[in-house]
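Visitor: Here it is, the structure in full.
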Amino acid sequence: MLTLENLHKSYNSRPLLSGISFSVPAGETVCLLGASGSGKSTLLRIIAGLETPEAGRVLWDGADLASVPAHERNFGLFFQDYALFPHLSVEENVAFGLRMQGVPEREIGLRVANIIKQINLEGFEKRRVAELSGGEQQRVALARMLAPRPRLLMFDEPLGALDRVLKDDLLDELRRILRESGAPAIYVTHDQAEAFAIADRVLLLHEGRVIQDGSPAEVTANPVSAWAAHFLGLGNLLEGEVRMVTPEGWLVLTPAGEFIVGCGHSHRAGEKVNLLVRRERVRAAPEGRLRSRVADVVFQQSGFRVSLENGLVFRLDEAPKVGEEIRLELFPSAVQCLP
Ligand code: ADP
Ligand code: MG
């Protein structure tokens, strides 16, 4: 199990990581989600032993790794422009780390064959890496990372440059590999869809701290803040002012109109609140309270993304016409108030 205790790191006296603590037990994949520049790669480099923190500890099964150099940690770090040797064959690339470790040649042959099979690269053994497609090269890089059987797997935005279909294929493959390996894994991305597709647990990194830690379902249902909801793309965010309490909940006035929020908090009239209005918890209804003209309609696989002139965006099953006035009824669970 990997444990991080209160890690701090700054560059040029600007704090980047300000007290990071979490654990990753065996068999679990944790996704670290944060904006570009939030310190994700720096955190992985600290764990790998390539960078030293100003304070805090990196522990493996309870033992402090401060005095263990990077090459003795047996952690795997995979990143997007993972450098393969273009003039070497697939086999030779995968064997490279094992040769460095001094594994006997006979065992290298067996382990390379094994991993090539595991990662569906059979038939490619003798091909030079330079002759392979981007997706195939990515798989060779993955095989090379896995060959020395690292006890911790780390992925730093591994799918960045690939197209959608290749990404989905590789994500499926990664999920299977992570399940089979049983090693704890940390997967870093700024892409929320990618994180939710692979994570057992999602950690949100913001301003040097982990502001939320939960399963994809928990994080989606209860974002800790307006920033978190915005970053995760959970819906419309509105600043509003509490007007009064009604039998259904608090009446909140926003630039896009009035909303009722049944949040169970105790608010005061005049208090400013952030509202999250979910895009999909809504239906078109002739008596609907929300009225606006349609500004734009975009086809999506899950329905139509409908932008209204009041600035709100919803997902509807049927496409209205641009310019048409529509009326919508929000389900009670559509509106949440957030810190
Ligand atoms: P992320 O991976 O989340 O995009 P990084 O960890 O790469 O973020 O970097 C976060 C910030 O730290 C960047 O703004 C970068 O300028 C700064 N930084 C990273 N490494 C160094 C370094 N070795 N020296 C100075 N600044 C650095
Ligand atoms: Mg990075």
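Residues are referred to by chain and number: the chain letter is A, B, ... according to the order shown in the structure tokens, the number counts from 1 in that chain, and ligands are numbered separately from 1 in the order shown.
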Can you tell me which residues sit at most 7 Å away from ligand 2, counting only C-alpha atoms and all ligand atoms, written as a count of residues only?
Guide: 6
Visitor: Output as JSON lines one row per residue of chain A within 10 Å of ligand 1: the closest atom pair and its distance in Å to one decimal place, counting only C-alpha atoms and all ligand atoms, sorted by chain and residue number ascending.
Guide:
```
{"residue": "A:Lys9", "atom": "CA", "partner": "ligand 1", "partner_atom_place_in_ligand_line": "12 (O)", "distance": 9.2}
{"residue": "A:Ser10", "atom": "CA", "partner": "ligand 1", "partner_atom_place_in_ligand_line": "12 (O)", "distance": 7.7}
{"residue": "A:Tyr11", "atom": "CA", "partner": "ligand 1", "partner_atom_place_in_ligand_line": "26 (N)", "distance": 4.9}
{"residue": "A:Asn12", "atom": "CA", "partner": "ligand 1", "partner_atom_place_in_ligand_line": "25 (C)", "distance": 6.7}
{"residue": "A:Ser13", "atom": "CA", "partner": "ligand 1", "partner_atom_place_in_ligand_line": "25 (C)", "distance": 9.8}
{"residue": "A:Arg14", "atom": "CA", "partner": "ligand 1", "partner_atom_place_in_ligand_line": "12 (O)", "distance": 8.7}
{"residue": "A:Pro15", "atom": "CA", "partner": "ligand 1", "partner_atom_place_in_ligand_line": "12 (O)", "distance": 8.8}
{"residue": "A:Leu16", "atom": "CA", "partner": "ligand 1", "partner_atom_place_in_ligand_line": "12 (O)", "distance": 6.3}
{"residue": "A:Leu17", "atom": "CA", "partner": "ligand 1", "partner_atom_place_in_ligand_line": "10 (C)", "distance": 8.9}
{"residue": "A:Leu32", "atom": "CA", "partner": "ligand 1", "partner_atom_place_in_ligand_line": "3 (O)", "distance": 9.4}
{"residue": "A:Leu33", "atom": "CA", "partner": "ligand 1", "partner_atom_place_in_ligand_line": "3 (O)", "distance": 8.5}
{"residue": "A:Gly34", "atom": "CA", "partner": "ligand 1", "partner_atom_place_in_ligand_line": "3 (O)", "distance": 6.2}
{"residue": "A:Ala35", "atom": "CA", "partner": "ligand 1", "partner_atom_place_in_ligand_line": "3 (O)", "distance": 6.0}
{"residue": "A:Ser36", "atom": "CA", "partner": "ligand 1", "partner_atom_place_in_ligand_line": "4 (O)", "distance": 3.8}
{"residue": "A:Gly37", "atom": "CA", "partner": "ligand 1", "partner_atom_place_in_ligand_line": "4 (O)", "distance": 3.5}
{"residue": "A:Ser38", "atom": "CA", "partner": "ligand 1", "partner_atom_place_in_ligand_line": "3 (O)", "distance": 3.9}
{"residue": "A:Gly39", "atom": "CA", "partner": "ligand 1", "partner_atom_place_in_ligand_line": "6 (O)", "distance": 3.2}
{"residue": "A:Lys40", "atom": "CA", "partner": "ligand 1", "partner_atom_place_in_ligand_line": "3 (O)", "distance": 3.7}
{"residue": "A:Ser41", "atom": "CA", "partner": "ligand 1", "partner_atom_place_in_ligand_line": "2 (O)", "distance": 3.7}
{"residue": "A:Thr42", "atom": "CA", "partner": "ligand 1", "partner_atom_place_in_ligand_line": "6 (O)", "distance": 3.7}
{"residue": "A:Leu43", "atom": "CA", "partner": "ligand 1", "partner_atom_place_in_ligand_line": "6 (O)", "distance": 6.5}
{"residue": "A:Leu44", "atom": "CA", "partner": "ligand 1", "partner_atom_place_in_ligand_line": "6 (O)", "distance": 8.1}
{"residue": "A:Arg45", "atom": "CA", "partner": "ligand 1", "partner_atom_place_in_ligand_line": "6 (O)", "distance": 8.3}
{"residue": "A:Ile46", "atom": "CA", "partner": "ligand 1", "partner_atom_place_in_ligand_line": "6 (O)", "distance": 9.9}
{"residue": "A:Glu51", "atom": "CA", "partner": "ligand 1", "partner_atom_place_in_ligand_line": "23 (N)", "distance": 8.4}
{"residue": "A:Asp156", "atom": "CA", "partner": "ligand 1", "partner_atom_place_in_ligand_line": "2 (O)", "distance": 7.8}
{"residue": "A:Glu157", "atom": "CA", "partner": "ligand 1", "partner_atom_place_in_ligand_line": "2 (O)", "distance": 8.5}
{"residue": "A:Val188", "atom": "CA", "partner": "ligand 1", "partner_atom_place_in_ligand_line": "2 (O)", "distance": 8.2}
{"residue": "A:Thr189", "atom": "CA", "partner": "ligand 1", "partner_atom_place_in_ligand_line": "3 (O)", "distance": 8.3}
{"residue": "A:His190", "atom": "CA", "partner": "ligand 1", "partner_atom_place_in_ligand_line": "3 (O)", "distance": 7.9}
{"residue": "A:Leu205", "atom": "CA", "partner": "ligand 1", "partner_atom_place_in_ligand_line": "3 (O)", "distance": 8.6}
{"residue": "A:His206", "atom": "CA", "partner": "ligand 1", "partner_atom_place_in_ligand_line": "3 (O)", "distance": 9.6}
{"residue": "A:Gly208", "atom": "CA", "partner": "ligand 1", "partner_atom_place_in_ligand_line": "10 (C)", "distance": 9.7}
```
Visitor: Can you pull out every residue within 10 Å of Phe196 of chain A, counting only C-alpha atoms, but drop anything in the same chain fewer than 6 positions away, and send it as a list in words?
Guide: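 Listed by chain and then number, they are Cys31, Leu33, Val202, Ser215, Pro216, Ala217, Val219, Thr220 and Leu232 of chain A.
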Visitor: What does the structure give for the distance between atom CA of Gln80 of chain A and atom CA of Glu194 of chain A, in Å to one decimal?
Guide: 14.4 Å
Visitor: May I have the residues within 6 Å of segment 261-278 of chain A as a list in words, using only C-alpha atoms and disregarding those fewer than 3 positions away in the same chain?
Guide: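 Residues meeting the cut-off are Gly235, Asn236, Leu237, Leu238, Glu239, Gly240, Glu241, Val242, Arg243, Met244, Gly249, Trp250, Arg281, Ala334, Val335, Gln336, Cys337 and Leu338 of chain A.
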Visitor: At a cut-off of 9 Å, using only C-alpha atoms, what residues contact segment 83-97 of chain A? Leave out same-chain residues fewer than 5 positions from it and give the result as a list in words.
Guide: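 My reading of the contact set: Gly102, Ile108, Gly109, Arg111, Val112, Ala113, Ile115, Ile116, Leu121, Phe124, Glu125, Lys126, Arg127, Arg128, Val129, Ala130, Glu131, Gln137, Val140, Ala141, Leu142, Ala143, Arg144, Met145, Leu146, Ala147 and Pro148 of chain A.
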Visitor: So that each row is one residue of segment 130-227 of chain A with an atom at most 12 Å from segment 53-66 of chain A, can you give its shortest atom pair and the distance in Å to one decimal, using only C-alpha atoms, rows by chain and rising number, as JSON lines?
Guide:
```
{"residue": "A:Arg151", "atom": "CA", "partner": "A:Trp60", "partner_atom": "CA", "distance": 9.8}
{"residue": "A:Leu152", "atom": "CA", "partner": "A:Trp60", "partner_atom": "CA", "distance": 9.6}
{"residue": "A:Pro184", "atom": "CA", "partner": "A:Trp60", "partner_atom": "CA", "distance": 11.0}
```
Visitor: Those same residues, written as a PDB file, in the first residue's frame with N, CA, C and O atoms?
Guide:
```
ATOM      1  N   ARG A 151       5.642  -2.610  -8.420  1.00  0.00           N
ATOM      2  CA  ARG A 151       4.679  -2.857  -7.334  1.00  0.00           C
ATOM      3  C   ARG A 151       3.665  -1.719  -7.215  1.00  0.00           C
ATOM      4  O   ARG A 151       2.684  -1.816  -6.494  1.00  0.00           O
ATOM      5  N   LEU A 152       3.942  -0.605  -7.898  1.00  0.00           N
ATOM      6  CA  LEU A 152       2.986   0.508  -7.977  1.00  0.00           C
ATOM      7  C   LEU A 152       2.972   0.970  -9.425  1.00  0.00           C
ATOM      8  O   LEU A 152       4.028   1.107 -10.046  1.00  0.00           O
ATOM      9  N   PRO A 184      -1.530  -1.471  -6.664  1.00  0.00           N
ATOM     10  CA  PRO A 184      -2.184  -0.164  -6.555  1.00  0.00           C
ATOM     11  C   PRO A 184      -1.769   0.714  -7.727  1.00  0.00           C
ATOM     12  O   PRO A 184      -0.654   0.579  -8.235  1.00  0.00           O
TER      13      PRO A 184
END
```
Visitor: I'd like to know which of A:Arg283, A:Arg305, A:Arg164, A:Arg291 is closest to Gly257 of chain A, using only C-alpha atoms.
Guide: A:Arg291
